[in-house]
>>> print(open('run.cif').read())   # mmCIF, C-alpha atoms
data_upload
loop_
_atom_site.label_atom_id
_atom_site.label_comp_id
_atom_site.auth_asym_id
_atom_site.auth_seq_id
_atom_site.Cartn_x
_atom_site.Cartn_y
_atom_site.Cartn_z
CA MET A 7 21.06 42.26 11.62
CA THR A 8 18.83 40.06 13.68
CA ASP A 9 19.58 39.44 17.29
CA ARG A 10 18.08 36.74 19.47
CA SER A 11 19.29 36.72 23.03
CA LYS A 12 18.81 34.03 25.57
CA LYS A 13 20.20 33.10 28.94
CA SER A 14 21.45 29.57 29.20
CA HIS A 15 19.84 27.60 32.00
CA THR A 16 22.30 25.92 34.34
CA GLY A 17 19.96 24.81 37.05
CA SER A 18 22.03 26.47 39.78
CA LYS A 19 20.64 29.43 41.69
CA ASN A 20 24.09 30.74 42.59
CA GLU A 21 25.61 30.83 39.12
CA THR A 22 25.14 33.73 36.77
CA PRO A 23 25.14 32.19 33.33
CA PRO A 24 26.92 34.12 30.61
CA GLU A 25 24.64 35.85 28.18
CA VAL A 26 24.62 34.19 24.79
CA ARG A 27 23.42 36.19 21.80
CA PHE A 28 22.70 34.72 18.42
CA VAL A 29 23.52 37.15 15.66
CA ARG A 30 22.84 37.04 11.94
CA VAL A 31 24.68 39.51 9.75
CA PRO A 32 24.31 39.87 5.99
CA SER A 33 26.83 38.09 3.80
CA ILE A 34 29.92 39.95 2.72
CA ALA A 35 28.64 39.87 -0.86
CA GLU A 36 25.41 41.56 0.25
CA ARG A 37 27.35 44.20 2.13
CA LYS A 38 29.72 44.89 -0.77
CA LEU A 39 27.27 44.75 -3.66
CA GLY A 40 24.03 45.83 -2.04
CA THR A 41 21.02 45.30 -4.26
CA ASP A 42 23.25 44.21 -7.18
CA TYR A 43 23.90 40.96 -5.39
CA VAL A 44 21.72 38.02 -6.37
CA ALA A 45 22.24 34.97 -4.19
CA PRO A 46 23.69 32.46 -4.58
CA MET A 47 27.03 33.60 -5.94
CA ARG A 48 27.99 31.57 -9.01
CA LEU A 49 31.28 29.78 -9.42
CA ASP A 50 32.87 30.81 -12.68
CA PRO A 51 34.65 27.98 -14.55
CA ARG A 52 36.79 30.59 -16.32
CA VAL A 53 38.12 31.79 -12.97
CA LEU A 54 38.95 28.23 -11.97
CA ASP A 55 40.75 27.70 -15.29
CA GLN A 56 42.73 30.87 -14.67
CA MET A 57 43.67 29.70 -11.17
CA GLN A 58 44.88 26.37 -12.52
CA THR A 59 46.91 28.15 -15.18
CA THR A 60 48.46 30.23 -12.41
CA ILE A 61 49.50 27.08 -10.53
CA LYS A 62 51.03 25.65 -13.72
CA GLY A 63 52.93 28.88 -14.22
CA LEU A 64 54.42 28.68 -10.74
CA GLU A 65 55.36 25.00 -11.00
CA ALA A 66 58.74 25.47 -12.70
CA ARG A 67 59.77 28.10 -10.20
CA TYR A 68 58.69 25.88 -7.32
CA GLY A 69 60.62 22.92 -8.79
CA ASP A 70 63.79 25.01 -8.56
CA ALA A 71 62.93 26.03 -4.99
CA LEU A 72 62.35 22.36 -4.09
CA ARG A 73 65.80 21.35 -5.36
CA GLU A 74 67.33 24.17 -3.36
CA GLN A 75 65.43 23.10 -0.25
CA LEU A 76 66.56 19.51 -0.71
CA GLY A 77 70.18 20.68 -0.89
CA THR A 78 69.72 22.60 2.34
CA LEU A 79 68.10 19.60 4.03
CA LEU A 80 71.07 17.40 3.15
CA THR A 81 73.40 19.83 4.92
CA LEU A 82 71.15 20.04 7.97
CA VAL A 83 70.84 16.33 8.84
CA GLU A 84 74.27 15.95 10.40
CA PRO A 85 74.14 19.01 12.71
CA ALA A 86 70.48 18.31 13.56
CA CYS A 87 71.25 14.73 14.58
CA GLY A 88 74.33 15.99 16.39
CA GLY A 89 72.21 18.10 18.74
CA ASP A 90 71.97 21.47 16.98
CA THR A 91 68.47 22.66 17.88
CA GLU A 92 68.50 25.47 15.34
CA ALA A 93 69.30 22.99 12.57
CA ARG A 94 66.46 20.78 13.81
CA GLY A 95 64.03 23.68 13.65
CA ARG A 96 65.12 24.65 10.14
CA LEU A 97 65.01 21.06 8.92
CA TYR A 98 61.49 20.54 10.25
CA ALA A 99 60.29 23.88 8.83
CA ILE A 100 61.54 23.00 5.35
CA VAL A 101 60.05 19.49 5.39
CA HIS A 102 56.76 20.92 6.71
CA ASP A 103 56.77 23.41 3.83
CA MET A 104 57.34 20.58 1.34
CA ARG A 105 54.49 18.59 2.85
CA GLY A 106 52.11 21.47 2.29
CA LEU A 107 53.19 22.66 -1.13
CA ALA A 108 54.75 19.90 -3.21
CA GLY A 109 51.41 18.23 -3.97
CA THR A 110 49.87 21.48 -5.19
CA PHE A 111 52.72 21.97 -7.63
CA GLY A 112 52.61 18.54 -9.24
CA HIS A 113 55.00 16.67 -6.92
CA PRO A 114 52.55 14.56 -4.90
CA MET A 115 55.11 11.89 -4.00
CA VAL A 116 57.54 14.49 -2.68
CA GLY A 117 54.68 15.73 -0.55
CA ARG A 118 53.95 12.23 0.74
CA PHE A 119 57.58 11.51 1.59
CA ALA A 120 57.79 14.87 3.35
CA ASN A 121 54.58 14.06 5.18
CA SER A 122 56.08 10.77 6.34
CA LEU A 123 59.21 12.50 7.66
CA CYS A 124 57.16 15.25 9.33
CA GLY A 125 55.04 12.62 11.05
CA TYR A 126 58.15 10.84 12.27
CA ILE A 127 59.61 14.06 13.76
CA GLU A 128 56.28 15.06 15.32
CA ASN A 129 55.64 11.64 16.88
CA ALA A 130 59.14 10.77 18.02
CA GLY A 131 59.97 14.21 19.41
CA ALA A 132 63.55 14.63 20.62
CA ARG A 133 64.27 10.92 20.11
CA ALA A 134 63.78 11.30 16.36
CA TRP A 135 67.21 12.88 16.12
CA GLN A 136 69.12 10.02 17.74
CA ASP A 137 69.58 8.23 14.43
CA ASP A 138 70.06 9.87 11.04
CA THR A 139 69.07 6.77 9.02
CA VAL A 140 65.39 7.69 8.77
CA PHE A 141 66.29 11.19 7.57
CA HIS A 142 68.73 10.00 4.92
CA PHE A 143 66.33 7.44 3.49
CA HIS A 144 63.53 10.00 3.30
CA LEU A 145 65.73 12.57 1.61
CA ASP A 146 66.92 9.95 -0.88
CA ALA A 147 63.29 9.16 -1.67
CA ILE A 148 62.47 12.86 -2.09
CA ARG A 149 65.46 13.32 -4.43
CA GLU A 150 64.41 10.28 -6.44
CA ALA A 151 60.82 11.55 -6.73
CA LEU A 152 62.08 14.98 -7.82
CA GLU A 153 64.39 13.55 -10.47
CA SER A 154 61.78 11.12 -11.81
CA PRO A 155 58.38 12.81 -11.42
CA GLY A 156 56.79 10.35 -13.86
CA ALA A 157 57.96 7.26 -12.01
CA ASP A 158 55.65 4.27 -11.64
CA PRO A 159 53.29 5.09 -8.74
CA ALA A 160 53.51 1.46 -7.58
CA ILE A 161 57.26 1.83 -7.03
CA THR A 162 56.93 5.11 -5.18
CA LEU A 163 54.19 3.64 -2.99
CA GLU A 164 56.46 0.71 -2.27
CA THR A 165 59.15 3.18 -1.22
CA LEU A 166 56.65 4.89 1.06
CA ASN A 167 55.76 1.56 2.67
CA ALA A 168 59.44 0.78 3.14
CA LEU A 169 59.95 4.15 4.85
CA GLN A 170 57.03 3.44 7.18
CA LYS A 171 58.59 0.08 8.08
CA LEU A 172 61.90 1.80 8.70
CA ILE A 173 60.20 4.28 11.03
CA ALA A 174 58.45 1.45 12.86
CA ALA A 175 61.75 -0.44 13.26
CA SER A 176 63.54 2.69 14.46
CA THR A 177 60.77 3.45 16.96
CA SER A 178 60.78 -0.13 18.22
CA ALA A 179 64.58 -0.14 18.62
CA ARG A 180 64.47 3.06 20.67
CA ARG A 181 61.71 1.60 22.83
CA HIS A 182 63.85 -1.44 23.61
CA GLN A 183 66.77 0.80 24.48
CA GLY A 184 64.50 2.40 27.06
CA MET B 1 29.07 24.53 -10.99
CA THR B 2 26.59 27.04 -12.44
CA PRO B 3 28.16 28.28 -15.68
CA VAL B 4 26.80 31.83 -15.72
CA PRO B 5 28.14 34.15 -13.04
CA THR B 6 26.61 37.60 -12.92
CA LYS B 7 28.54 40.77 -13.63
CA ALA B 8 28.17 41.62 -9.97
CA ASP B 9 29.86 38.34 -9.00
CA ALA B 10 32.89 39.25 -11.10
CA GLU B 11 32.88 42.79 -9.76
CA PHE B 12 32.71 41.55 -6.19
CA PHE B 13 36.24 40.16 -6.03
CA ARG B 14 37.70 43.49 -7.08
CA LYS B 15 36.17 44.97 -3.95
CA LEU B 16 37.27 42.20 -1.62
CA LYS B 17 40.12 42.76 0.82
CA VAL B 18 41.91 39.56 1.85
CA LEU B 19 44.44 39.10 4.64
CA VAL B 20 46.83 36.19 4.06
CA VAL B 21 48.71 35.02 7.18
CA GLU B 22 51.34 32.44 6.29
CA ASP B 23 54.95 31.87 7.30
CA SER B 24 55.99 30.09 4.11
CA ALA B 25 57.08 32.52 1.41
CA GLU B 26 56.23 29.98 -1.29
CA MET B 27 52.72 29.47 0.09
CA ARG B 28 52.16 33.22 0.39
CA ARG B 29 53.25 33.62 -3.23
CA LEU B 30 50.86 30.86 -4.30
CA LEU B 31 47.89 32.27 -2.37
CA ALA B 32 48.47 35.80 -3.62
CA ALA B 33 48.73 34.56 -7.21
CA LEU B 34 45.54 32.49 -6.89
CA LEU B 35 43.64 35.39 -5.34
CA GLU B 36 44.79 37.68 -8.14
CA SER B 37 43.55 35.08 -10.63
CA MET B 38 40.15 35.38 -8.96
CA GLY B 39 40.22 39.12 -9.51
CA VAL B 40 41.12 40.13 -5.94
CA LYS B 41 43.01 43.41 -5.99
CA GLN B 42 43.50 44.08 -2.28
CA ILE B 43 45.75 41.49 -0.67
CA VAL B 44 47.46 42.11 2.65
CA GLU B 45 50.17 39.67 3.72
CA ALA B 46 51.49 38.84 7.20
CA HIS B 47 54.18 36.33 8.15
CA ASP B 48 52.81 35.06 11.46
CA GLY B 49 49.87 35.30 13.83
CA LEU B 50 51.11 38.36 15.69
CA LYS B 51 51.65 40.35 12.52
CA GLY B 52 48.34 38.98 11.29
CA LEU B 53 46.57 40.46 14.30
CA ASP B 54 48.16 43.86 13.66
CA ALA B 55 47.12 43.72 10.01
CA PHE B 56 43.61 42.63 11.02
CA VAL B 57 43.11 45.80 13.06
CA GLU B 58 44.92 48.09 10.64
CA HIS B 59 43.36 46.92 7.38
CA ARG B 60 39.97 45.50 8.44
CA PRO B 61 39.98 42.69 5.84
CA ASP B 62 36.77 41.11 4.51
CA ILE B 63 38.20 37.61 4.84
CA VAL B 64 41.28 36.05 6.46
CA ILE B 65 43.19 33.08 5.06
CA THR B 66 45.66 31.66 7.55
CA ASP B 67 48.12 28.85 8.06
CA GLY B 68 47.77 26.76 11.23
CA ALA B 69 51.31 26.19 12.46
CA MET B 70 53.36 29.38 12.74
CA GLN B 71 55.81 30.95 15.17
CA PRO B 72 55.65 32.86 17.49
CA MET B 73 51.84 32.93 17.33
CA ASP B 74 50.02 30.21 15.41
CA GLY B 75 46.84 30.54 13.38
CA TYR B 76 44.68 29.01 16.14
CA GLU B 77 45.65 31.58 18.76
CA MET B 78 45.39 34.37 16.22
CA THR B 79 41.85 33.25 15.32
CA ARG B 80 40.86 33.17 18.99
CA SER B 81 42.21 36.71 19.43
CA MET B 82 40.35 37.94 16.36
CA ARG B 83 37.10 36.49 17.63
CA ALA B 84 37.68 38.12 21.01
CA ALA B 85 38.43 41.51 19.50
CA GLY B 86 35.78 44.13 20.01
CA ALA B 87 34.48 46.29 17.22
CA ALA B 88 35.42 49.25 19.41
CA GLU B 89 39.08 48.31 18.91
CA GLY B 90 38.63 48.93 15.21
CA ALA B 91 38.47 45.23 14.40
CA ASN B 92 35.78 43.16 12.76
CA PRO B 93 35.30 39.90 14.68
CA ASP B 94 32.67 38.74 12.15
CA VAL B 95 35.30 38.17 9.49
CA PRO B 96 35.32 34.69 7.88
CA ILE B 97 38.57 32.91 8.71
CA LEU B 98 39.75 30.08 6.45
CA MET B 99 42.54 27.92 7.86
CA ILE B 100 44.82 25.97 5.53
CA SER B 101 46.68 23.20 7.30
CA GLY B 102 48.63 20.03 6.72
CA HIS B 103 47.14 18.59 9.89
CA ILE B 104 43.91 17.01 8.73
CA GLY B 105 43.15 14.85 11.75
CA ARG B 106 39.85 15.27 13.57
CA GLU B 107 41.58 16.68 16.63
CA SER B 108 43.11 19.56 14.66
CA ILE B 109 39.81 20.33 12.94
CA VAL B 110 37.88 20.37 16.21
CA HIS B 111 40.55 22.60 17.76
CA ALA B 112 40.29 25.00 14.81
CA ARG B 113 36.50 25.07 15.10
CA ASP B 114 36.69 25.77 18.82
CA GLN B 115 38.89 28.80 18.20
CA GLY B 116 36.37 30.21 15.70
CA VAL B 117 37.71 29.09 12.32
CA THR B 118 35.03 29.32 9.61
CA ASP B 119 36.38 26.65 7.27
CA TYR B 120 39.32 24.28 7.36
CA LEU B 121 41.15 23.52 4.10
CA PRO B 122 43.63 20.67 3.83
CA LYS B 123 47.07 20.84 2.27
CA PRO B 124 48.00 20.22 -0.45
CA LEU B 125 45.68 22.98 -1.52
CA SER B 126 43.85 22.81 -4.82
CA ALA B 127 42.50 25.74 -6.82
CA SER B 128 38.95 24.43 -6.69
CA VAL B 129 38.94 23.93 -2.91
CA LEU B 130 40.21 27.46 -2.31
CA TYR B 131 37.80 29.05 -4.78
CA GLU B 132 34.75 27.17 -3.48
CA ALA B 133 35.64 27.89 0.15
CA ILE B 134 36.03 31.61 -0.47
CA VAL B 135 32.78 31.85 -2.41
CA ALA B 136 30.95 29.91 0.30
CA ALA B 137 32.39 32.10 3.05
CA VAL B 138 31.52 35.41 1.42
CA SER B 139 28.17 34.62 -0.15
CA LYS B 140 26.22 33.20 2.78
CA PRO B 141 24.70 35.20 5.63
CA ILE B 142 26.84 34.89 8.74
CA HIS B 143 25.34 33.28 11.82
CA PHE B 144 27.30 33.97 14.97
CA VAL B 145 27.10 33.41 18.66
CA GLU B 146 28.28 36.16 20.92
CA THR B 147 29.39 35.59 24.48
CA PRO B 148 31.69 37.70 26.64
CA GLY B 149 35.10 37.47 24.94
CA TYR B 150 33.91 35.62 21.85
CA ARG B 151 32.01 36.51 18.72
CA GLY B 152 32.19 33.98 15.95
CA PRO B 153 30.81 30.78 14.44
CA SER B 154 29.17 28.46 16.93
CA PRO B 155 31.87 26.27 18.50
CA THR B 156 29.36 23.42 18.62
CA ARG B 157 28.67 23.37 14.90
CA ARG B 158 29.97 20.65 12.62
CA LEU B 159 33.03 21.68 10.66
CA ALA B 160 33.25 19.50 7.58
CA THR B 161 36.35 17.43 6.99
CA ARG B 162 37.61 17.90 3.46
CA SER B 163 40.02 15.36 2.11
CA ALA B 164 43.18 16.63 0.44
CA GLY B 165 42.04 16.03 -3.10
CA ASP B 166 43.79 15.87 -6.40
CA PRO B 167 45.98 18.95 -6.39
CA ALA B 168 45.45 19.43 -10.08
CA ALA B 169 41.69 19.61 -9.66
#
>>> encode(input="run.cif", output="structure tokens")
Amino acid sequence: MTDRSKKSHTGSKNETPPEVRFVRVPSIAERKLGTDYVAPMRLDPRVLDQMQTTIKGLEARYGDALREQLGTLLTLVEPACGGDTEARGRLYAIVHDMRGLAGTFGHPMVGRFANSLCGYIENAGARAWQDDTVFHFHLDAIREALESPGADPAITLETLNALQKLIAASTSARRHQG
Amino acid sequence: MTPVPTKADAEFFRKLKVLVVEDSAEMRRLLAALLESMGVKQIVEAHDGLKGLDAFVEHRPDIVITDGAMQPMDGYEMTRSMRAAGAAEGANPDVPILMISGHIGRESIVHARDQGVTDYLPKPLSASVLYEAIVAAVSKPIHFVETPGYRGPSPTRRLATRSAGDPAA
């Protein structure tokens, strides 16, 4: 380990600057393998292939989980928009989960629709729940994307644009209501 | 990609201990499966930042992979606490911390960097992004700054913005 210490210069006689040390420690590979390690570590295409096979293997299982999550979301919209904070939290958590995972498992459009709904909830805050229209349209789009994963990308992008316009209209309407 | 990894490279992952901190069961399952595909045998899982901190002290992982948004403690606060932990407490503040997040805006990335995150990976996660990030984190010497209450990557360094690429890649 190398250690270079220095005191930062603040220009003030009364201040005691915090000590800053610069430290270099060996890589984890060096520490684990010792002299067997020859830098740089190589990326193994066989490992990457295996990882991609693993994702493929989990896709079917995730598809089932997605359908289950969608069913739960449909039951949560009404209580969430009726003021149930627990339902709001659960709804957001599920959509957030979809945003992060659907793309990895071959459902990129589901991920994008979920991302759009997440963004709406995050930006509008409590006011997002005043109107359930945005939620229903997003969930319809997610269901459509799940049922037709090979749909024309142009159509799904058009749907995404329509959802963005719906969000903009909803936001504008709330603004005018004060 | 260099096509010929050494035997030591393959052996390395069997010796690696990884802590996965993630509140989504599906994401934890995915990460554990991908790590196993890499040959990692020692995987510790925690459901949120608080449990992640406990596991960090108890298991002394070689690398941490964490989500950003979690309750009650998120990945940012957990990272800050790990970087502030002293070796005397049984922890290893030098550990590389990879954050996987759906928030890919500059503000989130800068915030992650300021807390001491080593690398920031966007969701949706791809196999290649995860593999390359882990190899980069474990194979390079670690340069840290140490100030009272912080030991970790320099908060002034540039943390690259990766785009969420083709998930199949």
>>> residues_around(input="run.cif", residues="region 127-136 of chain A", least_positions_apart="3", cutoff="7 Å", atoms="all atoms listed in the file", output="list of chain:residue names")
A:Ala86, A:Cys87, A:Leu123, A:Cys124
>>> interface_residues(input="run.cif", of="chain A", to="chain B", cutoff="7 Å", atoms="all atoms listed in the file", output="number ranges by chain")
A: 24-35, 39, 42-43, 46-51, 53-54, 56-58, 60, 103, 106-107, 109-110
>>> residues_around(input="run.cif", residues="Tyr76 (chain B)", least_positions_apart="4", cutoff="12 Å", atoms="all atoms listed in the file", output="PDB file with C-alpha atoms, keeping the file's coordinate frame")
ATOM      1  CA  VAL B  21      48.710  35.020   7.180  1.00  0.00           C
ATOM      2  CA  ASP B  48      52.810  35.060  11.460  1.00  0.00           C
ATOM      3  CA  GLY B  49      49.870  35.300  13.830  1.00  0.00           C
ATOM      4  CA  LEU B  50      51.110  38.360  15.690  1.00  0.00           C
ATOM      5  CA  GLY B  52      48.340  38.980  11.290  1.00  0.00           C
ATOM      6  CA  LEU B  53      46.570  40.460  14.300  1.00  0.00           C
ATOM      7  CA  ILE B  65      43.190  33.080   5.060  1.00  0.00           C
ATOM      8  CA  THR B  66      45.660  31.660   7.550  1.00  0.00           C
ATOM      9  CA  ASP B  67      48.120  28.850   8.060  1.00  0.00           C
ATOM     10  CA  GLY B  68      47.770  26.760  11.230  1.00  0.00           C
ATOM     11  CA  ALA B  69      51.310  26.190  12.460  1.00  0.00           C
ATOM     12  CA  MET B  70      53.360  29.380  12.740  1.00  0.00           C
ATOM     13  CA  GLN B  71      55.810  30.950  15.170  1.00  0.00           C
ATOM     14  CA  PRO B  72      55.650  32.860  17.490  1.00  0.00           C
ATOM     15  CA  ARG B  80      40.860  33.170  18.990  1.00  0.00           C
ATOM     16  CA  SER B  81      42.210  36.710  19.430  1.00  0.00           C
ATOM     17  CA  MET B  82      40.350  37.940  16.360  1.00  0.00           C
ATOM     18  CA  ARG B  83      37.100  36.490  17.630  1.00  0.00           C
ATOM     19  CA  ILE B  97      38.570  32.910   8.710  1.00  0.00           C
ATOM     20  CA  LEU B  98      39.750  30.080   6.450  1.00  0.00           C
ATOM     21  CA  MET B  99      42.540  27.920   7.860  1.00  0.00           C
ATOM     22  CA  ILE B 100      44.820  25.970   5.530  1.00  0.00           C
ATOM     23  CA  SER B 101      46.680  23.200   7.300  1.00  0.00           C
ATOM     24  CA  SER B 108      43.110  19.560  14.660  1.00  0.00           C
ATOM     25  CA  ILE B 109      39.810  20.330  12.940  1.00  0.00           C
ATOM     26  CA  VAL B 110      37.880  20.370  16.210  1.00  0.00           C
ATOM     27  CA  HIS B 111      40.550  22.600  17.760  1.00  0.00           C
ATOM     28  CA  ALA B 112      40.290  25.000  14.810  1.00  0.00           C
ATOM     29  CA  ARG B 113      36.500  25.070  15.100  1.00  0.00           C
ATOM     30  CA  ASP B 114      36.690  25.770  18.820  1.00  0.00           C
ATOM     31  CA  GLN B 115      38.890  28.800  18.200  1.00  0.00           C
ATOM     32  CA  GLY B 116      36.370  30.210  15.700  1.00  0.00           C
ATOM     33  CA  VAL B 117      37.710  29.090  12.320  1.00  0.00           C
ATOM     34  CA  THR B 118      35.030  29.320   9.610  1.00  0.00           C
ATOM     35  CA  TYR B 120      39.320  24.280   7.360  1.00  0.00           C
TER      36      TYR B 120
END
>>> atom_distance(input="run.cif", atom1="CA of Ala179 (chain A)", atom2="CA of Gly77 (chain A)")
29.1 Å
>>> atom_distance(input="run.cif", atom1="CA of Leu80 (chain A)", atom2="CA of Asp158 (chain A)")
25.1 Å
>>> atom_distance(input="run.cif", atom1="CA of Glu45 (chain B)", atom2="CA of Arg14 (chain B)")
16.9 Å
>>> residues_around(input="run.cif", residues="Phe141 (chain A)", least_positions_apart="6", cutoff="12 Å", atoms="only C-alpha atoms", output="number ranges by chain")
A: 76, 79-84, 86-87, 94, 97-98, 101, 119-120, 122-127, 134-135, 147-148, 169, 172-173, 176
>>> axis_aligned_box(input="run.cif", around="region 13-19 of chain B", padding_each_side="8 Å", output="AutoDock Vina command-line options")
--center_x 40.3 --center_y 42.0 --center_z -1.2 --size_x 24.3 --size_y 21.9 --size_z 27.7
